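Raw contents of my_file-v1.txt, compact mmCIF, C-alpha atoms:
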```
# COMPACT_ATOMS: atom_id res chain seq x y z
CA MET A 30 -26.57 15.61 0.79
CA SER A 31 -24.21 16.14 -2.16
CA SER A 32 -20.95 14.17 -2.41
CA LEU A 33 -18.95 17.40 -2.29
CA LYS A 34 -20.69 18.63 0.85
CA LEU A 35 -20.28 15.23 2.51
CA LEU A 36 -16.55 15.10 1.78
CA SER A 37 -16.14 18.63 3.04
CA GLN A 38 -17.74 17.69 6.37
CA LEU A 39 -15.74 14.48 6.70
CA ARG A 40 -12.50 16.46 6.46
CA TRP A 41 -12.94 17.32 10.12
CA PHE A 42 -12.65 13.70 11.31
CA ARG A 43 -8.95 13.97 12.11
CA PHE A 44 -6.88 11.56 14.19
CA LEU A 45 -3.25 12.33 13.45
CA PRO A 46 -0.50 10.06 14.77
CA ARG A 47 2.09 11.80 16.89
CA ASN A 48 5.83 11.85 17.56
CA LEU A 49 6.90 9.41 14.85
CA SER A 50 10.55 10.26 15.38
CA ASN A 51 12.25 7.46 13.43
CA PHE A 52 11.46 8.99 10.07
CA ARG A 53 10.48 12.28 8.54
CA LEU A 54 7.04 13.24 7.40
CA PHE A 55 6.40 14.89 4.07
CA SER A 56 7.53 18.25 5.50
CA ASP A 57 9.24 17.12 8.73
CA VAL A 58 6.23 17.79 10.95
CA SER A 59 6.36 16.08 14.38
CA GLU A 60 3.34 15.48 16.60
CA PRO A 61 2.23 13.73 20.01
CA GLN A 62 2.27 9.91 20.51
CA ILE A 63 -0.57 7.38 20.30
CA ASN A 64 -0.82 3.86 21.69
CA ILE A 65 -0.05 0.76 19.64
CA ASP A 66 -2.64 -2.01 19.54
CA PRO A 67 -1.23 -4.80 21.81
CA LYS A 68 -2.04 -7.48 19.23
CA TYR A 69 0.80 -6.16 17.04
CA ASN A 70 3.27 -6.47 19.92
CA ASN A 71 2.07 -10.02 20.57
CA MET A 72 2.82 -11.01 16.99
CA PHE A 73 6.52 -10.79 17.73
CA ASN A 74 6.42 -12.66 21.03
CA LYS A 75 5.72 -16.01 19.39
CA ALA A 76 7.16 -17.82 16.43
CA SER A 77 4.76 -17.65 13.53
CA SER A 78 3.55 -21.04 12.31
CA THR A 79 1.67 -19.46 9.42
CA PRO A 80 3.18 -20.64 6.12
CA SER A 81 1.41 -17.86 4.26
CA SER A 82 -0.11 -14.49 5.15
CA LEU A 83 -3.07 -15.05 2.83
CA LYS A 84 -6.70 -14.53 3.83
CA GLU A 85 -8.92 -16.77 1.72
CA PRO A 86 -12.01 -14.48 1.95
CA GLU A 87 -9.88 -11.57 0.70
CA LEU A 88 -8.67 -13.63 -2.27
CA ALA A 89 -12.25 -14.51 -3.18
CA LYS A 90 -13.32 -10.90 -2.85
CA PHE A 91 -10.71 -9.62 -5.33
CA SER A 92 -11.08 -12.59 -7.66
CA ALA A 93 -14.74 -11.66 -8.11
CA ILE A 94 -13.85 -8.22 -9.52
CA ALA A 95 -10.60 -9.12 -11.30
CA ASP A 96 -12.04 -8.40 -14.75
CA THR A 97 -12.45 -4.72 -13.84
CA TRP A 98 -8.82 -3.89 -13.05
CA TRP A 99 -8.33 -1.75 -16.15
CA ASP A 100 -11.76 -0.09 -16.02
CA SER A 101 -10.84 3.37 -14.76
CA GLU A 102 -14.48 3.99 -13.80
CA GLY A 103 -14.94 0.61 -12.09
CA PRO A 104 -14.29 -0.68 -8.55
CA PHE A 105 -10.59 0.19 -8.82
CA LYS A 106 -11.24 3.80 -9.85
CA PRO A 107 -9.75 5.16 -6.56
CA LEU A 108 -6.46 3.34 -7.27
CA HIS A 109 -6.36 4.64 -10.85
CA LYS A 110 -6.88 8.17 -9.52
CA MET A 111 -4.23 7.69 -6.82
CA ASN A 112 -1.67 6.04 -9.10
CA PRO A 113 0.16 9.19 -10.33
CA THR A 114 0.66 10.34 -6.73
CA ARG A 115 1.83 6.90 -5.58
CA LEU A 116 4.30 6.77 -8.48
CA ALA A 117 5.61 10.25 -7.68
CA PHE A 118 6.46 9.17 -4.12
CA ILE A 119 8.03 5.90 -5.27
CA ARG A 120 10.18 7.50 -7.95
CA SER A 121 11.29 10.35 -5.68
CA THR A 122 12.30 8.15 -2.74
CA LEU A 123 13.94 5.42 -4.82
CA CYS A 124 15.94 7.89 -6.91
CA ARG A 125 17.21 9.64 -3.79
CA HIS A 126 18.30 6.30 -2.37
CA PHE A 127 19.64 4.50 -5.45
CA GLY A 128 20.31 7.20 -8.01
CA PRO A 129 18.97 6.48 -11.53
CA PHE A 130 15.63 4.67 -11.60
CA GLU A 131 16.39 2.78 -14.80
CA GLY A 132 17.51 -0.80 -14.28
CA LEU A 133 16.26 -1.15 -10.70
CA ARG A 134 14.93 -4.63 -9.96
CA ILE A 135 11.49 -4.02 -8.44
CA ILE A 136 8.84 -6.45 -7.27
CA ASP A 137 5.20 -5.33 -7.02
CA VAL A 138 3.69 -7.56 -4.31
CA GLY A 139 -0.06 -7.89 -4.69
CA CYS A 140 0.12 -6.40 -8.17
CA GLY A 141 -3.51 -7.04 -9.07
CA GLY A 142 -4.07 -6.34 -12.74
CA GLY A 143 -0.74 -4.54 -13.11
CA ILE A 144 -1.83 -0.91 -12.86
CA LEU A 145 1.33 -0.07 -10.88
CA SER A 146 3.70 -2.59 -12.50
CA GLU A 147 3.19 -1.18 -15.99
CA PRO A 148 4.17 2.46 -15.29
CA LEU A 149 7.15 1.23 -13.25
CA ALA A 150 8.32 -0.72 -16.31
CA ARG A 151 7.78 2.30 -18.55
CA MET A 152 10.03 4.31 -16.21
CA GLY A 153 12.82 1.83 -16.89
CA ALA A 154 12.63 -0.60 -13.97
CA ILE A 155 12.96 -4.36 -14.34
CA VAL A 156 9.61 -5.37 -12.87
CA THR A 157 8.25 -8.55 -11.35
CA GLY A 158 4.58 -8.58 -10.38
CA ILE A 159 3.09 -11.23 -8.11
CA ASP A 160 -0.43 -11.86 -6.89
CA ALA A 161 -2.13 -14.81 -5.19
CA VAL A 162 -5.25 -14.41 -7.36
CA GLU A 163 -4.77 -16.26 -10.65
CA LYS A 164 -7.37 -14.16 -12.48
CA ASN A 165 -5.46 -11.00 -11.56
CA ILE A 166 -2.26 -12.37 -13.09
CA LYS A 167 -4.05 -13.43 -16.28
CA ILE A 168 -5.51 -9.93 -16.67
CA ALA A 169 -2.11 -8.36 -15.96
CA ARG A 170 -0.34 -10.49 -18.55
CA LEU A 171 -2.94 -9.87 -21.23
CA HIS A 172 -2.80 -6.12 -20.73
CA ALA A 173 1.00 -5.96 -20.50
CA ASP A 174 1.36 -7.86 -23.79
CA LEU A 175 -0.40 -5.01 -25.61
CA ASP A 176 2.74 -2.87 -25.27
CA PRO A 177 6.31 -4.08 -26.03
CA THR A 178 7.66 -1.99 -23.14
CA THR A 179 5.43 -3.67 -20.55
CA SER A 180 5.51 -7.13 -22.11
CA THR A 181 8.88 -7.60 -20.36
CA ILE A 182 7.20 -7.64 -16.92
CA GLU A 183 7.54 -11.01 -15.19
CA TYR A 184 4.14 -11.89 -13.75
CA ASP A 185 3.66 -14.86 -11.46
CA CYS A 186 0.71 -16.20 -9.48
CA THR A 187 2.50 -16.76 -6.20
CA THR A 188 3.11 -15.24 -2.77
CA ALA A 189 5.94 -13.29 -1.18
CA GLU A 190 6.53 -16.21 1.18
CA LYS A 191 7.06 -18.64 -1.70
CA LEU A 192 9.57 -16.32 -3.35
CA VAL A 193 11.44 -16.10 -0.05
CA ASP A 194 11.70 -19.90 -0.11
CA GLU A 195 13.14 -19.58 -3.63
CA GLN A 196 15.69 -17.05 -2.28
CA ARG A 197 14.64 -14.34 -4.72
CA GLN A 198 15.72 -10.78 -3.92
CA PHE A 199 15.12 -7.34 -5.40
CA ASP A 200 16.49 -3.81 -5.11
CA ALA A 201 13.06 -2.50 -4.12
CA VAL A 202 9.99 -4.29 -2.77
CA ILE A 203 6.66 -2.51 -3.15
CA ALA A 204 3.35 -3.49 -1.52
CA LEU A 205 0.63 -0.90 -1.96
CA GLU A 206 -2.81 -1.27 -0.38
CA VAL A 207 -2.04 -4.93 0.42
CA ILE A 208 -1.07 -5.24 4.09
CA GLU A 209 -4.58 -4.42 5.33
CA HIS A 210 -5.81 -7.54 3.51
CA VAL A 211 -3.30 -10.10 4.86
CA ALA A 212 -3.81 -12.43 7.82
CA ASP A 213 -0.51 -11.69 9.58
CA PRO A 214 1.03 -8.25 8.91
CA ALA A 215 4.18 -9.08 10.89
CA GLN A 216 4.87 -12.25 8.91
CA PHE A 217 4.09 -10.42 5.69
CA CYS A 218 6.62 -7.69 6.49
CA LYS A 219 9.24 -10.29 7.35
CA SER A 220 8.71 -11.72 3.87
CA LEU A 221 9.02 -8.27 2.29
CA ALA A 222 12.29 -7.74 4.15
CA ALA A 223 13.63 -11.15 3.09
CA LEU A 224 12.91 -10.25 -0.55
CA THR A 225 14.89 -7.00 -0.20
CA VAL A 226 18.64 -6.90 -0.82
CA GLN A 227 20.89 -5.41 1.88
CA ASP A 228 20.53 -1.62 1.80
CA GLY A 229 17.62 -2.10 -0.57
CA ALA A 230 14.27 -0.35 -0.19
CA SER A 231 10.71 -1.21 0.72
CA VAL A 232 7.64 0.93 0.03
CA VAL A 233 4.36 0.10 1.77
CA SER A 234 1.08 1.97 1.68
CA THR A 235 -2.12 1.35 3.62
CA ILE A 236 -4.92 3.05 5.57
CA ASN A 237 -4.59 4.41 9.10
CA ARG A 238 -6.86 2.93 11.77
CA SER A 239 -8.41 6.23 12.83
CA MET A 240 -11.89 7.62 13.31
CA ARG A 241 -11.41 9.71 10.20
CA SER A 242 -10.48 6.66 8.11
CA TYR A 243 -13.63 4.87 9.29
CA ALA A 244 -15.71 7.86 8.26
CA THR A 245 -14.06 8.37 4.88
CA ALA A 246 -12.57 5.07 3.70
CA ILE A 247 -15.48 2.89 4.79
CA VAL A 248 -18.69 4.84 5.51
CA ALA A 249 -18.24 7.40 2.73
CA ALA A 250 -16.23 5.47 0.11
CA GLU A 251 -18.07 2.14 0.37
CA TYR A 252 -21.61 3.01 1.52
CA LEU A 253 -22.43 6.61 0.68
CA LEU A 254 -20.36 7.44 -2.42
CA GLN A 255 -20.05 3.79 -3.47
CA TRP A 256 -16.54 4.30 -4.86
CA LEU A 257 -15.65 0.79 -3.61
CA PRO A 258 -17.66 -2.43 -3.23
CA LYS A 259 -19.16 -2.76 0.25
CA GLY A 260 -16.94 -4.84 2.49
CA THR A 261 -13.72 -4.00 0.63
CA HIS A 262 -12.07 -2.94 3.90
CA GLN A 263 -12.27 -4.03 7.54
CA TRP A 264 -11.45 -1.11 9.84
CA SER A 265 -9.96 -3.41 12.47
CA SER A 266 -7.39 -4.63 9.91
CA PHE A 267 -5.97 -1.14 9.34
CA LEU A 268 -2.59 -0.23 10.86
CA THR A 269 -1.61 3.06 12.42
CA PRO A 270 1.65 4.62 11.14
CA GLU A 271 3.35 3.73 14.42
CA GLU A 272 2.24 0.11 14.18
CA LEU A 273 3.46 -0.20 10.61
CA THR A 274 6.78 1.43 11.53
CA MET A 275 7.23 -0.96 14.47
CA ILE A 276 6.36 -4.04 12.40
CA LEU A 277 8.76 -3.03 9.63
CA LYS A 278 11.50 -2.18 12.15
CA ARG A 279 11.28 -5.63 13.71
CA ALA A 280 11.53 -7.08 10.21
CA SER A 281 14.80 -5.09 9.69
CA ILE A 282 13.21 -2.34 7.58
CA ASP A 283 13.95 1.15 8.92
CA VAL A 284 11.26 3.63 7.85
CA LYS A 285 12.92 6.83 6.61
CA GLU A 286 10.06 8.80 5.11
CA MET A 287 6.28 8.88 5.22
CA ALA A 288 3.60 10.89 3.45
CA GLY A 289 -0.17 11.02 3.35
CA PHE A 290 -2.49 10.98 0.36
CA VAL A 291 -5.20 13.64 0.37
CA TYR A 292 -8.11 13.78 -2.05
CA ASN A 293 -9.37 17.10 -3.40
CA PRO A 294 -13.06 16.74 -4.37
CA LEU A 295 -12.90 19.98 -6.40
CA THR A 296 -10.20 18.73 -8.78
CA GLY A 297 -10.79 15.00 -8.38
CA ARG A 298 -7.05 14.53 -7.75
CA TRP A 299 -4.87 13.09 -5.01
CA SER A 300 -1.77 14.82 -3.68
CA LEU A 301 1.01 14.11 -1.19
CA SER A 302 0.55 15.71 2.22
CA ASP A 303 1.66 15.68 5.85
CA ASP A 304 -1.84 14.43 6.70
CA ILE A 305 -1.41 10.70 7.40
CA SER A 306 -4.75 10.33 9.18
CA VAL A 307 -6.27 8.19 6.40
CA ASN A 308 -4.19 6.99 3.42
CA PHE A 309 -0.42 6.97 3.89
CA ILE A 310 2.74 5.55 2.31
CA ALA A 311 6.09 4.69 3.89
CA PHE A 312 9.58 4.30 2.46
CA GLY A 313 12.21 2.33 4.35
CA THR A 314 15.60 0.72 3.84
CA LYS A 315 16.81 -2.72 4.87
CA GLU A 316 19.23 -2.55 7.76
CA ASN A 317 22.59 -4.32 7.56
```
Using structure tokens, write down the structure from this file.
Amino acid sequence: MSSLKLLSQLRWFRFLPRNLSNFRLFSDVSEPQINIDPKYNNMFNKASSTPSSLKEPELAKFSAIADTWWDSEGPFKPLHKMNPTRLAFIRSTLCRHFGPFEGLRIIDVGCGGGILSEPLARMGAIVTGIDAVEKNIKIARLHADLDPTTSTIEYDCTTAEKLVDEQRQFDAVIALEVIEHVADPAQFCKSLAALTVQDGASVVSTINRSMRSYATAIVAAEYLLQWLPKGTHQWSSFLTPEELTMILKRASIDVKEMAGFVYNPLTGRWSLSDDISVNFIAFGTKEN
């Protein structure tokens, strides 16, 4: 079966979250409600004793492919393809909230090799990029130093939790395709909120835990099309839009806007959509 035919068939695996009334979708579409996994409620009923949200197997997994971050045809090809669409959402939401983009203090949490940090810096932001994988930070620094504009990025091999202990804060905190790889999403979101100034912004993207995401993001992307290394994602670690909204809300981040990313196999491009059944991104502001 051809890749195009397979993707066309997988389009019909839809599991759209419903009635997410606290924020607006890409075109203000509202739909029926789904249940939240009880484990995410339980996270808030006990004090977390986890000093860090890191998962050691996840760190090892990404360390093994760190050298390929800037290979647009390598394991991170999907992120390279998605990057323009992710940046469009980030710039649009942050500019509506803050005004001019230039001069915003932004931290890219889980920055990897810097494929998001660099364009943010080129758009005029003052960027800090952090990652718990030392090889990722080394690659990011080496690549950023090739351009005077991006050489100003502050890269650090550390975690969000450690920066919270240092009382660092930023206008906008961004964590894209990271939360599905952490051990404790609730603790991680609390750290993101603590890094955000009052009335600042947080942008988080991840993959919905739906039947369609299992079919496309794991079966198709990892095993059939081999866009990603096998084992990159664990379906049980995905969050539904409602779960992410609840976790962020309890961390004092109020989700204001959400959009889906949809891939067009004919053009090879991603676009923003109301379809949040697989990849989605959320923008929220820190409550006073």
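Computed from the coordinates, the atom CA of A:Arg151 to atom CA of A:Thr97 distance equals 21.9 Å.
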**Report entry** Pairwise distance for atom CA of A:Arg241 and atom CA of A:Leu116, rounded to one decimal in Å
**Finding:** 24.6 Å
Return as CSV the residues of stretch 282-314 of chain A lying at most 6 Å from stretch 236-240 of chain A, together with the closest atom-to-atom pair for each and the distance in Å to one decimal, counting all atoms listed in the file, with rows in chain order and ascending residue number.
```
residue,atom,partner,partner_atom,distance
A:Ser306,CA,A:Asn237,CA,5.9
A:Val307,CA,A:Asn237,CA,4.9
A:Asn308,CA,A:Ile236,CA,4.5
```
Report summary line: As a check of understanding: the span from atom CA of A:Gly229 to atom CA of A:Lys285 is 12.4 Å
Requested in this report: Select, from A:Ile94, A:Ala117, A:Ile135, A:Val211, the residue with the minimum atom-to-atom distance to A:Asn165, counting all atoms listed in the file.
Outcome: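 Using all atoms listed in the file, the shortest distance to A:Asn165 belongs to A:Ile94.
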Requested in this report: Return the single residue from A:Ile276, A:Val233, A:Leu295, A:Val207 that is closest to A:Gly313, with distances computed using all atoms listed in the file.
Outcome: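 Answer, going by the shortest atom-to-atom distance: A:Val233.
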Report summary line: Min atom-atom distance to A:Ala169 from the set A:Trp98, A:Phe130, A:Tyr292, A:Phe105, counting all atoms listed in the file, belongs to A:Trp98
Query raised in the report: Leaving out A:Asp228 and any residue of its chain fewer than 6 positions from it, which residues lie within 10 Å of it when counting all atoms listed in the file, given as number ranges by chain?
Result: A: 126-127, 200-201, 282, 313-317
Query raised in the report: Which residue gives the smallest distance to A:Asp96 among A:Pro294, A:Pro214, A:Pro270, A:Gly141, with all atoms listed in the file counted?
Result: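 Closest residue, counting all atoms listed in the file: A:Gly141.
Remark: for A:Phe217, the closest of the candidate residues A:Ala189, A:Leu149, A:Ile203, A:Cys124 is A:Ala189 (distances computed over only C-alpha atoms).
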